>>> print(open('structure_36.txt').read())   # compact mmCIF, C-alpha atoms
# COMPACT_ATOMS: atom_id res chain seq x y z
CA MET A 280 1.37 -21.95 9.49
CA ILE A 281 2.11 -18.74 11.36
CA GLU A 282 0.16 -18.00 14.54
CA VAL A 283 -1.52 -14.62 14.10
CA LYS A 284 -3.27 -13.02 17.06
CA ARG A 285 -6.16 -10.65 16.43
CA GLU A 286 -5.73 -7.74 18.85
CA GLY A 287 -9.15 -6.32 17.93
CA ILE A 288 -10.51 -3.00 16.73
CA LEU A 289 -8.25 -0.06 17.52
CA LEU A 290 -10.06 2.93 15.97
CA SER A 291 -13.63 3.47 14.81
CA LYS A 292 -15.43 6.40 13.25
CA THR A 293 -16.51 9.31 15.46
CA ASN A 294 -19.11 12.07 15.25
CA LEU A 295 -16.48 14.50 13.96
CA GLU A 296 -17.39 15.58 10.44
CA PHE A 297 -14.15 14.50 8.80
CA GLU A 298 -14.42 10.90 10.06
CA ASN A 299 -18.14 10.31 10.54
CA ASP A 300 -18.38 7.59 7.87
CA GLY A 301 -15.37 5.39 8.62
CA VAL A 302 -11.67 5.12 9.39
CA LEU A 303 -9.29 2.70 7.70
CA ASN A 304 -5.89 1.88 6.19
CA PRO A 305 -3.41 3.64 8.50
CA ALA A 306 0.24 4.44 7.90
CA ALA A 307 2.24 3.58 11.02
CA ILE A 308 5.66 4.52 12.30
CA ARG A 309 7.26 3.85 15.67
CA ILE A 310 9.15 6.72 17.36
CA ASP A 311 10.67 5.83 20.72
CA ASP A 312 7.89 3.93 22.51
CA ASP A 313 5.06 5.62 20.59
CA VAL A 314 3.39 4.69 17.32
CA HIS A 315 2.03 7.43 15.09
CA LEU A 316 -0.88 6.46 12.86
CA PHE A 317 -1.87 8.50 9.80
CA TYR A 318 -5.18 7.02 8.81
CA ARG A 319 -7.75 7.47 6.09
CA ALA A 320 -10.72 9.32 7.54
CA VAL A 321 -13.92 9.27 5.50
CA GLN A 322 -16.75 11.72 5.89
CA LYS A 323 -20.26 11.16 4.57
CA GLY A 324 -20.25 11.70 0.83
CA ASN A 325 -17.08 9.60 0.46
CA ARG A 326 -14.49 12.36 0.79
CA SER A 327 -11.26 11.29 2.48
CA THR A 328 -8.63 13.11 4.49
CA ILE A 329 -5.73 11.85 6.63
CA GLY A 330 -6.26 11.79 10.39
CA HIS A 331 -3.56 11.48 13.04
CA CYS A 332 -3.45 9.35 16.19
CA ARG A 333 -0.58 8.69 18.59
CA LEU A 334 -0.35 5.43 20.50
CA ASN A 335 1.66 4.83 23.65
CA GLY A 336 3.06 1.42 22.98
CA PRO A 337 1.50 -0.62 20.20
CA LEU A 338 -2.14 -0.59 21.32
CA SER A 339 -2.95 2.22 23.80
CA ILE A 340 -4.39 5.44 22.40
CA ALA A 341 -2.56 8.44 23.85
CA LYS A 342 -3.91 11.23 21.63
CA ARG A 343 -6.26 11.43 18.68
CA TRP A 344 -6.41 14.72 16.85
CA ASP A 345 -9.83 16.24 16.18
CA LYS A 346 -8.86 17.65 12.78
CA PRO A 347 -7.23 16.00 9.77
CA ILE A 348 -3.52 16.58 9.28
CA ILE A 349 -3.60 16.28 5.46
CA VAL A 350 -6.52 17.43 3.32
CA PRO A 351 -7.20 17.81 -0.42
CA GLU A 352 -5.67 21.04 -1.76
CA PHE A 353 -5.05 20.46 -5.46
CA ASP A 354 -7.03 19.25 -8.47
CA TYR A 355 -5.28 15.89 -8.58
CA GLU A 356 -6.58 15.06 -5.07
CA SER A 357 -9.80 17.05 -5.06
CA GLN A 358 -12.00 14.13 -3.97
CA GLY A 359 -9.69 12.56 -1.44
CA VAL A 360 -6.30 11.78 0.05
CA GLU A 361 -6.31 8.09 0.88
CA ASP A 362 -4.43 5.05 2.22
CA ALA A 363 -1.16 6.55 3.47
CA ARG A 364 2.14 4.74 4.16
CA ILE A 365 5.10 6.28 5.91
CA VAL A 366 8.86 5.71 6.36
CA LYS A 367 11.79 7.76 7.59
CA ILE A 368 14.79 8.05 5.27
CA ASP A 369 17.73 9.90 6.78
CA GLU A 370 16.14 12.89 8.55
CA LEU A 371 12.99 13.12 6.41
CA TYR A 372 9.63 11.37 6.71
CA TYR A 373 8.16 10.20 3.40
CA LEU A 374 4.38 9.82 3.47
CA THR A 375 2.84 8.38 0.32
CA TYR A 376 -0.87 8.33 -0.35
CA THR A 377 -3.42 7.82 -3.10
CA ALA A 378 -4.63 11.08 -4.63
CA TYR A 379 -8.16 10.80 -6.01
CA ASP A 380 -9.74 13.44 -8.24
CA GLY A 381 -13.10 11.73 -8.73
CA MET A 382 -11.94 9.66 -11.70
CA ASN A 383 -8.21 9.01 -11.38
CA ALA A 384 -6.42 7.39 -8.41
CA ARG A 385 -2.64 7.82 -8.39
CA GLY A 386 0.23 7.71 -5.95
CA ALA A 387 1.39 11.01 -4.44
CA LEU A 388 3.99 12.06 -1.90
CA ALA A 389 4.28 14.45 1.04
CA THR A 390 7.37 14.88 3.24
CA SER A 391 7.89 16.18 6.76
CA LYS A 392 10.69 16.84 9.21
CA ASP A 393 8.49 16.83 12.31
CA LEU A 394 5.25 14.93 11.50
CA LYS A 395 3.36 18.17 12.14
CA THR A 396 3.64 19.94 8.81
CA PHE A 397 3.91 18.23 5.42
CA GLU A 398 5.17 19.48 2.08
CA LYS A 399 3.34 17.99 -0.88
CA HIS A 400 5.33 16.93 -3.94
CA GLY A 401 2.39 15.94 -6.13
CA VAL A 402 1.78 12.75 -8.06
CA ILE A 403 4.99 10.73 -8.42
CA VAL A 404 3.78 7.80 -10.55
CA PRO A 405 3.79 7.69 -14.38
CA PRO A 406 1.94 10.67 -15.95
CA ILE A 407 0.37 8.67 -18.77
CA THR A 408 -3.15 7.71 -19.74
CA TYR A 409 -4.46 4.18 -19.59
CA ALA A 410 -4.72 4.20 -23.40
CA GLU A 411 -1.03 5.13 -23.71
CA PHE A 412 -0.09 2.35 -21.32
CA VAL A 413 -2.14 -0.20 -23.30
CA TYR A 414 -0.31 0.76 -26.50
CA ARG A 415 3.09 0.39 -24.86
CA ALA A 416 2.23 -2.90 -23.18
CA GLU A 417 0.69 -4.46 -26.28
CA THR A 418 3.58 -3.48 -28.54
CA SER A 419 6.28 -4.65 -26.14
CA GLY A 420 5.27 -8.26 -26.74
CA LYS A 421 6.52 -9.43 -23.33
CA VAL A 422 3.98 -8.16 -20.79
CA ASN A 423 1.26 -10.37 -19.31
CA GLU A 424 -1.94 -9.37 -21.07
CA LYS A 425 -3.70 -8.99 -17.72
CA TYR A 426 -1.87 -5.66 -17.48
CA TYR A 427 -3.67 -4.20 -20.47
CA ARG A 428 -7.01 -6.01 -20.56
CA ASN A 429 -8.66 -3.79 -17.98
CA GLN A 430 -11.11 -1.83 -20.12
CA LYS A 431 -14.07 -2.78 -17.93
CA PHE A 432 -12.29 -1.54 -14.83
CA TYR A 433 -11.33 1.78 -16.38
CA TYR A 434 -14.40 2.56 -18.45
CA GLN A 435 -17.36 0.94 -16.70
CA GLU A 436 -18.54 4.15 -15.04
CA SER A 437 -16.57 6.78 -16.92
CA ASP A 438 -16.94 8.75 -20.11
CA PRO A 439 -14.62 7.02 -22.64
CA ASP A 440 -13.79 10.40 -24.13
CA LYS A 441 -12.32 11.67 -20.88
CA ARG A 442 -8.60 11.54 -20.19
CA ILE A 443 -8.41 8.51 -17.91
CA MET A 444 -4.97 8.25 -16.38
CA LEU A 445 -3.22 5.00 -15.58
CA TRP A 446 -4.19 4.04 -12.05
CA ASP A 447 -0.99 3.45 -10.11
CA LYS A 448 -1.52 3.07 -6.37
CA ASN A 449 -0.03 1.52 -3.22
CA VAL A 450 3.21 3.49 -3.42
CA VAL A 451 5.48 2.29 -0.59
CA PHE A 452 9.07 3.47 -0.04
CA PHE A 453 11.84 1.32 1.38
CA PRO A 454 13.00 2.91 4.66
CA ARG A 455 16.56 3.58 3.49
CA ARG A 456 18.48 4.23 0.30
CA ILE A 457 19.75 1.08 -1.40
CA LYS A 458 23.05 1.45 -3.22
CA GLY A 459 22.56 5.20 -2.95
CA LYS A 460 19.13 5.20 -4.58
CA LEU A 461 15.61 5.80 -3.34
CA VAL A 462 13.39 2.79 -4.01
CA PHE A 463 9.64 2.40 -3.94
CA LEU A 464 7.06 -0.25 -4.77
CA HIS A 465 3.88 0.61 -6.64
CA ARG A 466 0.94 -1.19 -8.20
CA ILE A 467 -0.27 -1.17 -11.78
CA ARG A 468 -2.78 -4.00 -11.87
CA PRO A 469 -2.42 -6.88 -11.40
CA GLY A 470 1.14 -7.05 -9.98
CA ILE A 471 3.65 -5.12 -7.88
CA GLN A 472 6.41 -3.11 -9.56
CA ILE A 473 9.65 -1.64 -8.23
CA THR A 474 11.35 1.67 -9.06
CA HIS A 475 14.89 2.91 -8.29
CA PHE A 476 15.95 6.55 -8.74
CA ASP A 477 18.39 9.13 -7.38
CA GLU A 478 16.18 12.08 -6.42
CA LEU A 479 12.50 13.01 -6.69
CA GLU A 480 13.14 15.41 -9.56
CA ASP A 481 14.31 12.45 -11.66
CA LEU A 482 10.74 11.14 -11.90
CA ASN A 483 9.99 13.03 -15.11
CA LYS A 484 8.50 12.01 -18.46
CA ASP A 485 11.84 10.82 -19.87
CA PHE A 486 12.40 8.62 -16.81
CA TRP A 487 9.02 6.92 -17.21
CA ASP A 488 9.39 6.58 -21.00
CA THR A 489 12.55 4.57 -20.41
CA TYR A 490 10.89 2.66 -17.57
CA PHE A 491 8.07 1.43 -19.79
CA GLN A 492 10.43 0.35 -22.54
CA GLU A 493 11.65 -2.24 -20.03
CA PHE A 494 8.44 -2.59 -18.05
CA GLN A 495 8.62 -6.38 -17.71
CA ASP A 496 11.96 -6.02 -15.90
CA HIS A 497 10.35 -3.78 -13.27
CA ILE A 498 7.59 -6.20 -12.27
CA LEU A 499 8.55 -7.53 -8.85
CA PHE A 500 5.96 -10.29 -8.94
CA ASP A 501 2.43 -11.03 -10.11
CA PRO A 502 -0.52 -12.93 -8.61
CA LEU A 503 0.34 -16.60 -8.19
CA TYR A 504 -1.79 -18.28 -5.54
CA PRO A 505 -5.57 -18.61 -5.08
CA HIS A 506 -5.77 -15.99 -2.32
CA ASP A 507 -4.08 -13.35 -4.53
CA SER A 508 -5.28 -14.55 -7.93
CA SER A 509 -7.04 -11.35 -9.03
CA TYR A 510 -4.45 -8.71 -8.12
CA ILE A 511 -1.99 -7.76 -5.43
CA GLY A 512 -0.57 -4.54 -3.99
CA ALA A 513 2.19 -3.43 -1.66
CA GLY A 514 0.90 -3.10 1.87
CA CYS A 515 3.25 -2.15 4.70
CA PRO A 516 6.69 -0.60 4.17
CA PRO A 517 9.36 -3.31 3.88
CA ILE A 518 11.00 -4.38 7.14
CA GLU A 519 14.75 -4.98 7.13
CA THR A 520 15.80 -8.33 8.60
CA GLU A 521 19.10 -10.20 8.42
CA HIS A 522 17.56 -12.55 5.84
CA GLY A 523 16.08 -9.88 3.56
CA TRP A 524 13.38 -7.27 3.32
CA LEU A 525 10.10 -8.59 4.71
CA LEU A 526 7.20 -7.42 2.58
CA ILE A 527 3.63 -7.72 3.81
CA TYR A 528 1.17 -7.06 1.00
CA HIS A 529 -2.48 -7.63 0.16
CA GLY A 530 -3.99 -10.09 -2.26
CA ALA A 531 -7.45 -10.02 -3.81
CA GLU A 532 -9.39 -13.08 -4.92
CA GLU A 533 -12.62 -13.16 -6.93
CA THR A 534 -15.08 -15.53 -5.22
CA ASP A 535 -18.76 -16.39 -5.48
CA HIS A 536 -19.29 -13.78 -2.75
CA GLY A 537 -17.32 -11.05 -4.49
CA ILE A 538 -13.74 -9.89 -4.03
CA VAL A 539 -12.04 -11.06 -0.82
CA TYR A 540 -8.96 -9.15 0.32
CA SER A 541 -6.60 -11.48 2.11
CA ALA A 542 -4.18 -9.52 4.17
CA CYS A 543 -0.57 -10.09 4.32
CA ALA A 544 0.60 -12.62 1.91
CA ALA A 545 4.32 -12.20 2.62
CA ALA A 546 7.63 -12.20 0.74
CA LEU A 547 11.34 -11.76 1.40
CA LEU A 548 13.40 -9.56 -0.94
CA ASP A 549 17.18 -9.41 -1.23
CA LEU A 550 18.66 -6.69 0.99
CA GLU A 551 20.89 -5.05 -1.62
CA ASN A 552 18.95 -6.13 -4.71
CA PRO A 553 15.27 -5.92 -3.72
CA ASP A 554 14.23 -6.74 -7.30
CA LYS A 555 15.15 -10.32 -6.35
CA VAL A 556 12.46 -12.30 -4.52
CA ILE A 557 13.99 -14.77 -2.06
CA ALA A 558 10.83 -16.34 -0.65
CA ARG A 559 7.06 -16.03 -0.80
CA LEU A 560 4.36 -17.64 1.31
CA PRO A 561 1.94 -19.82 -0.68
CA TYR A 562 -0.92 -19.01 1.68
CA ALA A 563 -2.45 -15.86 3.15
CA LEU A 564 -1.06 -14.70 6.45
CA PHE A 565 -4.60 -13.91 7.59
CA SER A 566 -7.93 -13.44 5.86
CA PRO A 567 -11.31 -11.96 6.85
CA GLU A 568 -12.72 -13.98 9.72
CA LYS A 569 -13.97 -11.63 12.42
CA GLU A 570 -17.33 -9.88 12.15
CA TRP A 571 -15.65 -6.49 11.74
CA GLU A 572 -13.58 -7.86 8.82
CA ARG A 573 -16.42 -9.63 7.05
CA LYS A 574 -19.11 -6.93 7.22
CA GLY A 575 -18.75 -3.22 6.63
CA GLU A 576 -18.61 -0.56 3.95
CA VAL A 577 -16.78 -3.08 1.75
CA SER A 578 -17.18 -6.57 3.17
CA ASN A 579 -14.46 -9.22 3.39
CA VAL A 580 -11.47 -6.91 3.54
CA VAL A 581 -8.30 -6.94 5.62
CA PHE A 582 -5.92 -4.35 4.17
CA PRO A 583 -2.51 -3.99 5.88
CA THR A 584 -0.74 -0.65 5.60
CA GLY A 585 1.56 -0.26 8.63
CA THR A 586 3.59 -2.13 11.23
CA ALA A 587 5.43 -1.52 14.49
CA LEU A 588 8.01 -3.87 16.01
CA TYR A 589 8.29 -4.34 19.80
CA GLY A 590 10.92 -6.95 20.61
CA ASP A 591 10.09 -9.93 18.43
CA THR A 592 6.40 -9.04 18.22
CA LEU A 593 5.32 -7.42 14.99
CA TYR A 594 2.07 -5.45 15.18
CA ILE A 595 0.21 -5.07 11.88
CA TYR A 596 -2.25 -2.21 11.50
CA TYR A 597 -4.93 -2.73 8.90
CA GLY A 598 -8.24 -1.51 7.59
CA ALA A 599 -11.10 -3.94 8.22
CA ALA A 600 -14.08 -3.99 5.85
CA ASP A 601 -13.24 -0.38 4.88
CA SER A 602 -14.87 0.71 8.13
CA VAL A 603 -12.54 0.39 11.14
CA ILE A 604 -8.85 0.06 11.97
CA ALA A 605 -7.72 -3.15 13.67
CA THR A 606 -4.45 -4.72 14.77
CA ALA A 607 -2.95 -8.19 14.53
CA SER A 608 0.33 -9.45 15.98
CA LEU A 609 2.78 -12.25 15.31
CA SER A 610 6.36 -13.35 15.94
CA LEU A 611 8.69 -11.72 13.41
CA SER A 612 11.35 -14.42 13.76
CA SER A 613 8.76 -17.16 13.25
CA LEU A 614 7.42 -15.48 10.12
CA VAL A 615 10.89 -15.12 8.62
CA ALA A 616 11.73 -18.74 9.46
CA GLU A 617 8.50 -19.89 7.82
CA LEU A 618 9.21 -17.82 4.73
CA LEU A 619 12.65 -19.37 4.36
CA THR A 620 10.99 -22.77 3.90
CA TYR A 621 9.32 -21.40 0.75
CA THR A 622 12.25 -20.04 -1.25
CA VAL A 623 11.44 -19.26 -4.86
CA HIS A 624 13.14 -20.27 -8.07
CA ASP A 625 13.40 -19.05 -11.64
CA GLU A 626 9.74 -17.93 -12.00
CA TYR A 627 10.77 -14.58 -10.49
>>> encode(input="structure_36.txt", output="structure tokens")
Amino acid sequence: MIEVKREGILLSKTNLEFENDGVLNPAAIRIDDDVHLFYRAVQKGNRSTIGHCRLNGPLSIAKRWDKPIIVPEFDYESQGVEDARIVKIDELYYLTYTAYDGMNARGALATSKDLKTFEKHGVIVPPITYAEFVYRAETSGKVNEKYYRNQKFYYQESDPDKRIMLWDKNVVFFPRRIKGKLVFLHRIRPGIQITHFDELEDLNKDFWDTYFQEFQDHILFDPLYPHDSSYIGAGCPPIETEHGWLLIYHGAEETDHGIVYSACAAALLDLENPDKVIARLPYALFSPEKEWERKGEVSNVVFPTGTALYGDTLYIYYGAADSVIATASLSLSSLVAELLTYTVHDEY
């Protein structure tokens, strides 16, 4: 088992209007000795924006801005911009987030050269309805039926006659091109999928039509263990190590007390072929234990979305109970060594 140290709560809500109901799920990126956090800020009424905080070192708050840095501007994100992740590829920062319009939640992208101003590129996940996806999945004959037996999730509180889009969230880019291509992970329930492409403009209808014809081949992995048995999703951007890409993700488990989000089940992916899973931990890296993780707006949640590496110490920034932002730390080398004792076989 990996020793994980809880560093405690880092950020809580304030009296400022844009974050007076909670803060959670921060993107994180280290620049020199600082860490920049781009966190989900929730105001009363459940409308989300992205706030900005700069840390000096991994844990000391240097500056916290009193206004959000990214706000809803377009119809596709009219009710919230949520759960950002960030990487730097070449000279450009890629910040992905979930765009929520009140009914549909889908992955979107904004880019920046300076972390001060961001250019939005819109929704970058498949532009299809849930009904269209069900048809394609059912007729392919190869896809796990859990991918298209989600009617209760999609229609329980919605008008069935409305155009309900396929929910595709947790978009996370790899922090460099791989074999010349941009690569990101995304989540169509219940598993994690992977996508390779040349440039953003390639993500058009024809691209996704071809993608879904071979959808099974794009599933990185599905739920496997008790702690991630309901569904999983990419968490923090992959970390490049000599043994492979380290992926920290979240797993959800249905229990007698409701859904429990176990943070950071972990996997290693091949460096030049990240579709190949090298290793995967059979247990959760850490699960809700502390009071601030077990009780909040949504209880029993630890939701990792960013990391920063200082020496061999990896700091993991996560949303706790959908209410506060907390940090945990561990030895990166120890985690990789532990993972390599759980190499996977043909099931992937």
>>> residues_around(input="structure_36.txt", residues="Thr534 of chain A", least_positions_apart="3", cutoff="12 Å", atoms="all atoms listed in the file", output="list in words")
Pro505, His506, Asp507, Ser508, Ser509, Ala531, Gly537, Ile538, Val539, Tyr540, Ser541 and Asn579 of chain A
>>> closest_residue(input="structure_36.txt", among="A:Phe397, A:Tyr594, A:Phe317, A:Trp524", to="Thr606 of chain A", atoms="all atoms listed in the file")
A:Tyr594
>>> atom_distance(input="structure_36.txt", atom1="atom CA of Ile473 of chain A", atom2="atom CA of Asp554 of chain A")
6.9 Å
>>> closest_residue(input="structure_36.txt", among="A:Glu570, A:Asp345, A:Asp447, A:Glu352", to="Gly512 of chain A", atoms="all atoms listed in the file")
A:Asp447
>>> axis_aligned_box(input="structure_36.txt", around="segment 342-357 of chain A", padding_each_side="6 Å", output="JSON")
{"center_x": -6.7, "center_y": 16.1, "center_z": 6.5, "size_x": 18.3, "size_y": 21.8, "size_z": 42.2}
>>> closest_residue(input="structure_36.txt", among="A:Phe494, A:Trp487, A:Phe412, A:Tyr318", to="Arg364 of chain A", atoms="all atoms listed in the file")
A:Tyr318
>>> closest_residue(input="structure_36.txt", among="A:Ile329, A:Ile518, A:Ile471, A:Ile443", to="Gly359 of chain A", atoms="only C-alpha atoms")
A:Ile329
>>> residues_around(input="structure_36.txt", residues="Leu371 of chain A", least_positions_apart="2", cutoff="10 Å", atoms="only C-alpha atoms", output="ChimeraX atom specification")
/A:366-369,373-374,390-394
